[in-house]
Structures are given as structure tokens and as C-alpha cells.
Amino acid sequence: MKVRFCDQNKGKGKVLRRLREEHPDMDAKVKKCLGICGPCAEQPVALVGGKKVKAKDGDDLYRRVAAALAEENNAAGAEKKGKKKLAT
């Protein structure tokens, strides 16, 4: 899943480092601009799978992004199980 942070967003470095450590298979990058002007200057924000995730602080942003990644992984796992059942 793609996770994108705006270069102007404060606290992104700490969140990004922690996500990369705990989710090494994640595709995370810092972009010059995400094109969602406003929120990134006011509060921590990221694009997760193309959806805007806002938070009150860096720790909250980490929790929200990690939850979105876990949700995506669970959905992908369920989809794989369904395909295996159909194949048998």
C-alpha cells in the first residue's frame, strides 16, 4: 500500500521512520506536495492508499496509518483465502 507524506508536514520524519521499521513492505515516501493544501500546514496528515488520513499529532497519525495498513493486510488475506477455497 502506498503511504505519502507532504514535505511541509511537521513530524512526518518520526512517523515515517517508525512505519518503515514496523512495516518494511510498505511503500512510503515524502513528496514535495500532496495537492491537499490546507490540512498539511495545520495538522499531521498522510495519504494512505489514496485516502486522506488526518490526526491531532504524530503519534495519532502513526496509529491511524498503522490501522489502515492492518486493515488492508486483513482484507488482502481474506481475499487470498477466498481464492484458495474457490480453487479447490
# chains A, B, ... in the order shown; residues from 1 in each chain; ligands from 1
>>> residues_around(residues="Lys56 of chain A", least_positions_apart="2", cutoff="7 Å", atoms="only C-alpha atoms", output="list in words")
Gln43, Pro44 and Asp60 of chain A
>>> write_last_selection(atoms="N, CA and C atoms", output="short mmCIF file (atom, residue, chain, number, x, y, z; two decimals), in the first residue's frame")
data_model
loop_
_atom_site.label_atom_id
_atom_site.label_comp_id
_atom_site.auth_asym_id
_atom_site.auth_seq_id
_atom_site.Cartn_x
_atom_site.Cartn_y
_atom_site.Cartn_z
N GLN A 43 -2.14 20.32 10.55
CA GLN A 43 -2.09 19.14 11.40
C GLN A 43 -1.42 18.00 10.64
N PRO A 44 -0.95 16.97 11.35
CA PRO A 44 -0.34 15.84 10.67
C PRO A 44 -1.35 15.16 9.74
N ASP A 60 -0.72 10.04 16.95
CA ASP A 60 -2.06 9.71 16.47
C ASP A 60 -2.01 9.37 14.98
#
>>> residues_around(residues="Gly13 of chain A", least_positions_apart="3", cutoff="12 Å", atoms="only C-alpha atoms", output="PyMOL selection string")
chain A and resi 4-10+16-20+28-30+44+46+58-59+61-62
>>> write_last_selection(atoms="N, CA, C and O atoms", output="PDB file, in the first residue's frame")
ATOM      1  N   ARG A   4       1.902   8.327   1.546  1.00  0.00           N
ATOM      2  CA  ARG A   4       2.605   9.532   1.124  1.00  0.00           C
ATOM      3  C   ARG A   4       2.471  10.628   2.182  1.00  0.00           C
ATOM      4  O   ARG A   4       1.386  10.837   2.731  1.00  0.00           O
ATOM      5  N   PHE A   5       3.580  11.302   2.437  1.00  0.00           N
ATOM      6  CA  PHE A   5       3.619  12.414   3.379  1.00  0.00           C
ATOM      7  C   PHE A   5       4.031  13.669   2.630  1.00  0.00           C
ATOM      8  O   PHE A   5       4.863  13.611   1.731  1.00  0.00           O
ATOM      9  N   CYS A   6       3.497  14.801   3.016  1.00  0.00           N
ATOM     10  CA  CYS A   6       3.878  16.083   2.440  1.00  0.00           C
ATOM     11  C   CYS A   6       5.169  16.555   3.103  1.00  0.00           C
ATOM     12  O   CYS A   6       5.327  16.444   4.326  1.00  0.00           O
ATOM     13  N   ASP A   7       6.069  17.094   2.311  1.00  0.00           N
ATOM     14  CA  ASP A   7       7.338  17.590   2.826  1.00  0.00           C
ATOM     15  C   ASP A   7       7.135  18.723   3.835  1.00  0.00           C
ATOM     16  O   ASP A   7       7.957  18.921   4.719  1.00  0.00           O
ATOM     17  N   GLN A   8       6.048  19.464   3.716  1.00  0.00           N
ATOM     18  CA  GLN A   8       5.766  20.602   4.598  1.00  0.00           C
ATOM     19  C   GLN A   8       5.164  20.186   5.944  1.00  0.00           C
ATOM     20  O   GLN A   8       5.040  20.997   6.849  1.00  0.00           O
ATOM     21  N   ASN A   9       4.763  18.921   6.063  1.00  0.00           N
ATOM     22  CA  ASN A   9       4.077  18.448   7.259  1.00  0.00           C
ATOM     23  C   ASN A   9       5.056  18.212   8.400  1.00  0.00           C
ATOM     24  O   ASN A   9       6.022  17.460   8.256  1.00  0.00           O
ATOM     25  N   LYS A  10       4.812  18.868   9.531  1.00  0.00           N
ATOM     26  CA  LYS A  10       5.684  18.717  10.691  1.00  0.00           C
ATOM     27  C   LYS A  10       5.501  17.341  11.323  1.00  0.00           C
ATOM     28  O   LYS A  10       4.398  16.818  11.402  1.00  0.00           O
ATOM     29  N   LEU A  16       7.347   8.442   9.735  1.00  0.00           N
ATOM     30  CA  LEU A  16       7.857   7.678   8.602  1.00  0.00           C
ATOM     31  C   LEU A  16       8.890   6.647   9.052  1.00  0.00           C
ATOM     32  O   LEU A  16       8.842   5.490   8.636  1.00  0.00           O
ATOM     33  N   ARG A  17       9.826   7.056   9.907  1.00  0.00           N
ATOM     34  CA  ARG A  17      10.844   6.119  10.410  1.00  0.00           C
ATOM     35  C   ARG A  17      10.198   4.949  11.139  1.00  0.00           C
ATOM     36  O   ARG A  17      10.558   3.790  10.926  1.00  0.00           O
ATOM     37  N   ARG A  18       9.250   5.240  11.991  1.00  0.00           N
ATOM     38  CA  ARG A  18       8.590   4.186  12.767  1.00  0.00           C
ATOM     39  C   ARG A  18       7.798   3.237  11.856  1.00  0.00           C
ATOM     40  O   ARG A  18       7.848   2.029  12.029  1.00  0.00           O
ATOM     41  N   LEU A  19       7.115   3.797  10.889  1.00  0.00           N
ATOM     42  CA  LEU A  19       6.364   2.955   9.951  1.00  0.00           C
ATOM     43  C   LEU A  19       7.299   2.062   9.147  1.00  0.00           C
ATOM     44  O   LEU A  19       7.016   0.878   8.946  1.00  0.00           O
ATOM     45  N   ARG A  20       8.409   2.605   8.689  1.00  0.00           N
ATOM     46  CA  ARG A  20       9.365   1.811   7.898  1.00  0.00           C
ATOM     47  C   ARG A  20       9.979   0.688   8.724  1.00  0.00           C
ATOM     48  O   ARG A  20      10.235  -0.399   8.216  1.00  0.00           O
ATOM     49  N   ALA A  28       6.365   3.800   1.286  1.00  0.00           N
ATOM     50  CA  ALA A  28       6.182   5.115   1.904  1.00  0.00           C
ATOM     51  C   ALA A  28       7.201   6.112   1.359  1.00  0.00           C
ATOM     52  O   ALA A  28       8.377   5.778   1.233  1.00  0.00           O
ATOM     53  N   LYS A  29       6.716   7.300   1.027  1.00  0.00           N
ATOM     54  CA  LYS A  29       7.586   8.345   0.502  1.00  0.00           C
ATOM     55  C   LYS A  29       7.124   9.716   0.989  1.00  0.00           C
ATOM     56  O   LYS A  29       5.961   9.905   1.309  1.00  0.00           O
ATOM     57  N   VAL A  30       8.070  10.646   0.999  1.00  0.00           N
ATOM     58  CA  VAL A  30       7.765  12.049   1.272  1.00  0.00           C
ATOM     59  C   VAL A  30       7.775  12.759  -0.071  1.00  0.00           C
ATOM     60  O   VAL A  30       8.745  12.661  -0.824  1.00  0.00           O
ATOM     61  N   PRO A  44      -0.946  16.971  11.353  1.00  0.00           N
ATOM     62  CA  PRO A  44      -0.340  15.836  10.672  1.00  0.00           C
ATOM     63  C   PRO A  44      -1.350  15.161   9.742  1.00  0.00           C
ATOM     64  O   PRO A  44      -2.500  14.929  10.115  1.00  0.00           O
ATOM     65  N   ALA A  46      -1.550  12.338   6.072  1.00  0.00           N
ATOM     66  CA  ALA A  46      -0.890  11.462   5.107  1.00  0.00           C
ATOM     67  C   ALA A  46      -1.933  10.953   4.128  1.00  0.00           C
ATOM     68  O   ALA A  46      -3.138  10.951   4.436  1.00  0.00           O
ATOM     69  N   GLY A  58       1.648  13.527  15.845  1.00  0.00           N
ATOM     70  CA  GLY A  58       2.403  12.487  15.161  1.00  0.00           C
ATOM     71  C   GLY A  58       2.077  11.083  15.633  1.00  0.00           C
ATOM     72  O   GLY A  58       1.968  10.159  14.829  1.00  0.00           O
ATOM     73  N   ASP A  59       1.929  10.896  16.945  1.00  0.00           N
ATOM     74  CA  ASP A  59       1.599   9.574  17.473  1.00  0.00           C
ATOM     75  C   ASP A  59       0.232   9.114  16.986  1.00  0.00           C
ATOM     76  O   ASP A  59       0.046   7.947  16.639  1.00  0.00           O
ATOM     77  N   LEU A  61      -1.203  10.098  14.209  1.00  0.00           N
ATOM     78  CA  LEU A  61      -1.075   9.813  12.784  1.00  0.00           C
ATOM     79  C   LEU A  61      -0.476   8.420  12.583  1.00  0.00           C
ATOM     80  O   LEU A  61      -0.952   7.649  11.751  1.00  0.00           O
ATOM     81  N   TYR A  62       0.551   8.095  13.352  1.00  0.00           N
ATOM     82  CA  TYR A  62       1.140   6.756  13.253  1.00  0.00           C
ATOM     83  C   TYR A  62       0.078   5.687  13.499  1.00  0.00           C
ATOM     84  O   TYR A  62      -0.041   4.732  12.735  1.00  0.00           O
TER      85      TYR A  62
END
>>> select_by_dssp(residues="chain A", states="strand (DSSP E)", output="list in words")
Lys2, Val3, Arg4, Phe5, Cys6, Asp27, Ala28, Lys29, Val30, Lys31, Val45, Ala46, Leu47, Val48, Lys51, Lys52, Val53 and Lys54 of chain A
>>> write_last_selection(atoms="N, CA, C and O atoms", output="PDB file, in the first residue's frame")
ATOM      1  N   LYS A   2       0.466   2.225  -0.747  1.00  0.00           N
ATOM      2  CA  LYS A   2       1.221   3.472  -0.820  1.00  0.00           C
ATOM      3  C   LYS A   2       0.832   4.406   0.326  1.00  0.00           C
ATOM      4  O   LYS A   2      -0.345   4.594   0.600  1.00  0.00           O
ATOM      5  N   VAL A   3       1.854   4.955   0.969  1.00  0.00           N
ATOM      6  CA  VAL A   3       1.659   5.963   2.006  1.00  0.00           C
ATOM      7  C   VAL A   3       2.513   7.156   1.611  1.00  0.00           C
ATOM      8  O   VAL A   3       3.711   7.010   1.350  1.00  0.00           O
ATOM      9  N   ARG A   4       1.902   8.327   1.546  1.00  0.00           N
ATOM     10  CA  ARG A   4       2.605   9.532   1.124  1.00  0.00           C
ATOM     11  C   ARG A   4       2.471  10.628   2.182  1.00  0.00           C
ATOM     12  O   ARG A   4       1.386  10.837   2.731  1.00  0.00           O
ATOM     13  N   PHE A   5       3.580  11.302   2.437  1.00  0.00           N
ATOM     14  CA  PHE A   5       3.619  12.414   3.379  1.00  0.00           C
ATOM     15  C   PHE A   5       4.031  13.669   2.630  1.00  0.00           C
ATOM     16  O   PHE A   5       4.863  13.611   1.731  1.00  0.00           O
ATOM     17  N   CYS A   6       3.497  14.801   3.016  1.00  0.00           N
ATOM     18  CA  CYS A   6       3.878  16.083   2.440  1.00  0.00           C
ATOM     19  C   CYS A   6       5.169  16.555   3.103  1.00  0.00           C
ATOM     20  O   CYS A   6       5.327  16.444   4.326  1.00  0.00           O
ATOM     21  N   ASP A  27       5.104   0.878   0.981  1.00  0.00           N
ATOM     22  CA  ASP A  27       5.671   1.826   0.018  1.00  0.00           C
ATOM     23  C   ASP A  27       5.403   3.235   0.551  1.00  0.00           C
ATOM     24  O   ASP A  27       4.330   3.779   0.332  1.00  0.00           O
ATOM     25  N   ALA A  28       6.365   3.800   1.286  1.00  0.00           N
ATOM     26  CA  ALA A  28       6.182   5.115   1.904  1.00  0.00           C
ATOM     27  C   ALA A  28       7.201   6.112   1.359  1.00  0.00           C
ATOM     28  O   ALA A  28       8.377   5.778   1.233  1.00  0.00           O
ATOM     29  N   LYS A  29       6.716   7.300   1.027  1.00  0.00           N
ATOM     30  CA  LYS A  29       7.586   8.345   0.502  1.00  0.00           C
ATOM     31  C   LYS A  29       7.124   9.716   0.989  1.00  0.00           C
ATOM     32  O   LYS A  29       5.961   9.905   1.309  1.00  0.00           O
ATOM     33  N   VAL A  30       8.070  10.646   0.999  1.00  0.00           N
ATOM     34  CA  VAL A  30       7.765  12.049   1.272  1.00  0.00           C
ATOM     35  C   VAL A  30       7.775  12.759  -0.071  1.00  0.00           C
ATOM     36  O   VAL A  30       8.745  12.661  -0.824  1.00  0.00           O
ATOM     37  N   LYS A  31       6.692  13.430  -0.371  1.00  0.00           N
ATOM     38  CA  LYS A  31       6.564  14.158  -1.633  1.00  0.00           C
ATOM     39  C   LYS A  31       6.643  15.653  -1.354  1.00  0.00           C
ATOM     40  O   LYS A  31       6.316  16.106  -0.260  1.00  0.00           O
ATOM     41  N   VAL A  45      -0.897  14.878   8.526  1.00  0.00           N
ATOM     42  CA  VAL A  45      -1.773  14.266   7.527  1.00  0.00           C
ATOM     43  C   VAL A  45      -0.934  13.390   6.605  1.00  0.00           C
ATOM     44  O   VAL A  45       0.254  13.645   6.400  1.00  0.00           O
ATOM     45  N   ALA A  46      -1.550  12.338   6.072  1.00  0.00           N
ATOM     46  CA  ALA A  46      -0.890  11.462   5.107  1.00  0.00           C
ATOM     47  C   ALA A  46      -1.933  10.953   4.128  1.00  0.00           C
ATOM     48  O   ALA A  46      -3.138  10.951   4.436  1.00  0.00           O
ATOM     49  N   LEU A  47      -1.477  10.534   2.973  1.00  0.00           N
ATOM     50  CA  LEU A  47      -2.340   9.841   2.030  1.00  0.00           C
ATOM     51  C   LEU A  47      -2.016   8.359   2.161  1.00  0.00           C
ATOM     52  O   LEU A  47      -0.864   7.953   1.995  1.00  0.00           O
ATOM     53  N   VAL A  48      -3.011   7.575   2.489  1.00  0.00           N
ATOM     54  CA  VAL A  48      -2.841   6.135   2.665  1.00  0.00           C
ATOM     55  C   VAL A  48      -3.735   5.444   1.653  1.00  0.00           C
ATOM     56  O   VAL A  48      -4.956   5.517   1.754  1.00  0.00           O
ATOM     57  N   LYS A  51      -6.273   7.756   0.205  1.00  0.00           N
ATOM     58  CA  LYS A  51      -7.247   8.383   1.104  1.00  0.00           C
ATOM     59  C   LYS A  51      -6.530   9.253   2.132  1.00  0.00           C
ATOM     60  O   LYS A  51      -5.500   8.860   2.680  1.00  0.00           O
ATOM     61  N   LYS A  52      -7.097  10.422   2.388  1.00  0.00           N
ATOM     62  CA  LYS A  52      -6.512  11.359   3.345  1.00  0.00           C
ATOM     63  C   LYS A  52      -6.741  10.866   4.771  1.00  0.00           C
ATOM     64  O   LYS A  52      -7.853  10.523   5.148  1.00  0.00           O
ATOM     65  N   VAL A  53      -5.663  10.828   5.560  1.00  0.00           N
ATOM     66  CA  VAL A  53      -5.729  10.450   6.973  1.00  0.00           C
ATOM     67  C   VAL A  53      -5.186  11.627   7.767  1.00  0.00           C
ATOM     68  O   VAL A  53      -4.035  12.011   7.606  1.00  0.00           O
ATOM     69  N   LYS A  54      -6.037  12.225   8.615  1.00  0.00           N
ATOM     70  CA  LYS A  54      -5.629  13.366   9.446  1.00  0.00           C
ATOM     71  C   LYS A  54      -5.560  12.915  10.897  1.00  0.00           C
ATOM     72  O   LYS A  54      -6.242  11.995  11.310  1.00  0.00           O
TER      73      LYS A  54
END
>>> closest_residue(among="A:Arg64, A:Glu71, A:Val15, A:Gly50", to="Leu34 of chain A", atoms="only C-alpha atoms")
A:Gly50
>>> select_by_dssp(residues="chain A", states="alpha helix (DSSP H)", output="ChimeraX atom specification")
/A:12-22,39-42,58-87
>>> decode(residues="chain A", atoms="C-alpha atoms", output="PDB file, in the first residue's frame")
ATOM      1  CA  MET A   1       0.000   0.000   0.000  1.00  0.00           C
ATOM      2  CA  LYS A   2       1.221   3.472  -0.820  1.00  0.00           C
ATOM      3  CA  VAL A   3       1.659   5.963   2.006  1.00  0.00           C
ATOM      4  CA  ARG A   4       2.605   9.532   1.124  1.00  0.00           C
ATOM      5  CA  PHE A   5       3.619  12.414   3.379  1.00  0.00           C
ATOM      6  CA  CYS A   6       3.878  16.083   2.440  1.00  0.00           C
ATOM      7  CA  ASP A   7       7.338  17.590   2.826  1.00  0.00           C
ATOM      8  CA  GLN A   8       5.766  20.602   4.598  1.00  0.00           C
ATOM      9  CA  ASN A   9       4.077  18.448   7.259  1.00  0.00           C
ATOM     10  CA  LYS A  10       5.684  18.717  10.691  1.00  0.00           C
ATOM     11  CA  GLY A  11       6.553  15.481  12.478  1.00  0.00           C
ATOM     12  CA  LYS A  12       6.478  13.363   9.329  1.00  0.00           C
ATOM     13  CA  GLY A  13      10.052  12.118   9.823  1.00  0.00           C
ATOM     14  CA  LYS A  14       9.383  10.370  13.125  1.00  0.00           C
ATOM     15  CA  VAL A  15       6.180   8.783  11.837  1.00  0.00           C
ATOM     16  CA  LEU A  16       7.857   7.678   8.602  1.00  0.00           C
ATOM     17  CA  ARG A  17      10.844   6.119  10.410  1.00  0.00           C
ATOM     18  CA  ARG A  18       8.590   4.186  12.767  1.00  0.00           C
ATOM     19  CA  LEU A  19       6.364   2.955   9.951  1.00  0.00           C
ATOM     20  CA  ARG A  20       9.365   1.811   7.898  1.00  0.00           C
ATOM     21  CA  GLU A  21      10.756  -0.089  10.895  1.00  0.00           C
ATOM     22  CA  GLU A  22       7.493  -1.848  11.707  1.00  0.00           C
ATOM     23  CA  HIS A  23       6.129  -2.234   8.145  1.00  0.00           C
ATOM     24  CA  PRO A  24       9.143  -2.772   5.871  1.00  0.00           C
ATOM     25  CA  ASP A  25       6.987  -3.922   2.938  1.00  0.00           C
ATOM     26  CA  MET A  26       5.088  -0.620   2.890  1.00  0.00           C
ATOM     27  CA  ASP A  27       5.671   1.826   0.018  1.00  0.00           C
ATOM     28  CA  ALA A  28       6.182   5.115   1.904  1.00  0.00           C
ATOM     29  CA  LYS A  29       7.586   8.345   0.502  1.00  0.00           C
ATOM     30  CA  VAL A  30       7.765  12.049   1.272  1.00  0.00           C
ATOM     31  CA  LYS A  31       6.564  14.158  -1.633  1.00  0.00           C
ATOM     32  CA  LYS A  32       7.116  17.861  -2.198  1.00  0.00           C
ATOM     33  CA  CYS A  33       3.343  18.406  -2.253  1.00  0.00           C
ATOM     34  CA  LEU A  34       0.365  16.074  -1.953  1.00  0.00           C
ATOM     35  CA  GLY A  35      -2.073  18.515  -3.501  1.00  0.00           C
ATOM     36  CA  ILE A  36      -4.287  18.660  -0.415  1.00  0.00           C
ATOM     37  CA  CYS A  37      -3.382  22.177   0.598  1.00  0.00           C
ATOM     38  CA  GLY A  38      -4.505  23.305   3.986  1.00  0.00           C
ATOM     39  CA  PRO A  39      -4.532  20.225   6.193  1.00  0.00           C
ATOM     40  CA  CYS A  40      -0.798  19.503   5.967  1.00  0.00           C
ATOM     41  CA  ALA A  41       0.035  23.000   7.217  1.00  0.00           C
ATOM     42  CA  GLU A  42      -2.396  22.709  10.133  1.00  0.00           C
ATOM     43  CA  GLN A  43      -2.089  19.138  11.401  1.00  0.00           C
ATOM     44  CA  PRO A  44      -0.340  15.836  10.672  1.00  0.00           C
ATOM     45  CA  VAL A  45      -1.773  14.266   7.527  1.00  0.00           C
ATOM     46  CA  ALA A  46      -0.890  11.462   5.107  1.00  0.00           C
ATOM     47  CA  LEU A  47      -2.340   9.841   2.030  1.00  0.00           C
ATOM     48  CA  VAL A  48      -2.841   6.135   2.665  1.00  0.00           C
ATOM     49  CA  GLY A  49      -3.887   4.198  -0.382  1.00  0.00           C
ATOM     50  CA  GLY A  50      -5.070   7.479  -1.906  1.00  0.00           C
ATOM     51  CA  LYS A  51      -7.247   8.383   1.104  1.00  0.00           C
ATOM     52  CA  LYS A  52      -6.512  11.359   3.345  1.00  0.00           C
ATOM     53  CA  VAL A  53      -5.729  10.450   6.973  1.00  0.00           C
ATOM     54  CA  LYS A  54      -5.629  13.366   9.446  1.00  0.00           C
ATOM     55  CA  ALA A  55      -4.555  13.273  13.074  1.00  0.00           C
ATOM     56  CA  LYS A  56      -4.101  15.518  16.085  1.00  0.00           C
ATOM     57  CA  ASP A  57      -0.359  14.745  16.482  1.00  0.00           C
ATOM     58  CA  GLY A  58       2.403  12.487  15.161  1.00  0.00           C
ATOM     59  CA  ASP A  59       1.599   9.574  17.473  1.00  0.00           C
ATOM     60  CA  ASP A  60      -2.055   9.707  16.466  1.00  0.00           C
ATOM     61  CA  LEU A  61      -1.075   9.813  12.784  1.00  0.00           C
ATOM     62  CA  TYR A  62       1.140   6.756  13.253  1.00  0.00           C
ATOM     63  CA  ARG A  63      -1.740   4.847  14.907  1.00  0.00           C
ATOM     64  CA  ARG A  64      -4.174   5.793  12.144  1.00  0.00           C
ATOM     65  CA  VAL A  65      -1.782   4.891   9.310  1.00  0.00           C
ATOM     66  CA  ALA A  66      -0.812   1.596  11.005  1.00  0.00           C
ATOM     67  CA  ALA A  67      -4.527   0.765  11.454  1.00  0.00           C
ATOM     68  CA  ALA A  68      -5.168   1.443   7.760  1.00  0.00           C
ATOM     69  CA  LEU A  69      -2.233  -0.808   6.818  1.00  0.00           C
ATOM     70  CA  ALA A  70      -3.503  -3.574   9.107  1.00  0.00           C
ATOM     71  CA  GLU A  71      -6.987  -3.251   7.635  1.00  0.00           C
ATOM     72  CA  GLU A  72      -5.563  -3.513   4.117  1.00  0.00           C
ATOM     73  CA  ASN A  73      -3.492  -6.575   5.075  1.00  0.00           C
ATOM     74  CA  ASN A  74      -6.529  -8.253   6.638  1.00  0.00           C
ATOM     75  CA  ALA A  75      -8.592  -7.567   3.530  1.00  0.00           C
ATOM     76  CA  ALA A  76      -5.837  -8.925   1.282  1.00  0.00           C
ATOM     77  CA  GLY A  77      -5.518 -12.038   3.453  1.00  0.00           C
ATOM     78  CA  ALA A  78      -9.263 -12.671   3.344  1.00  0.00           C
ATOM     79  CA  GLU A  79      -9.241 -12.245  -0.434  1.00  0.00           C
ATOM     80  CA  LYS A  80      -6.435 -14.817  -0.788  1.00  0.00           C
ATOM     81  CA  LYS A  81      -8.353 -17.284   1.410  1.00  0.00           C
ATOM     82  CA  GLY A  82     -11.444 -16.844  -0.739  1.00  0.00           C
ATOM     83  CA  LYS A  83      -9.476 -17.523  -3.918  1.00  0.00           C
ATOM     84  CA  LYS A  84      -7.940 -20.684  -2.400  1.00  0.00           C
ATOM     85  CA  LYS A  85     -11.393 -22.006  -1.465  1.00  0.00           C
ATOM     86  CA  LEU A  86     -12.680 -21.381  -4.982  1.00  0.00           C
ATOM     87  CA  ALA A  87      -9.699 -23.182  -6.493  1.00  0.00           C
ATOM     88  CA  THR A  88     -10.262 -26.386  -4.513  1.00  0.00           C
TER      89      THR A  88
END
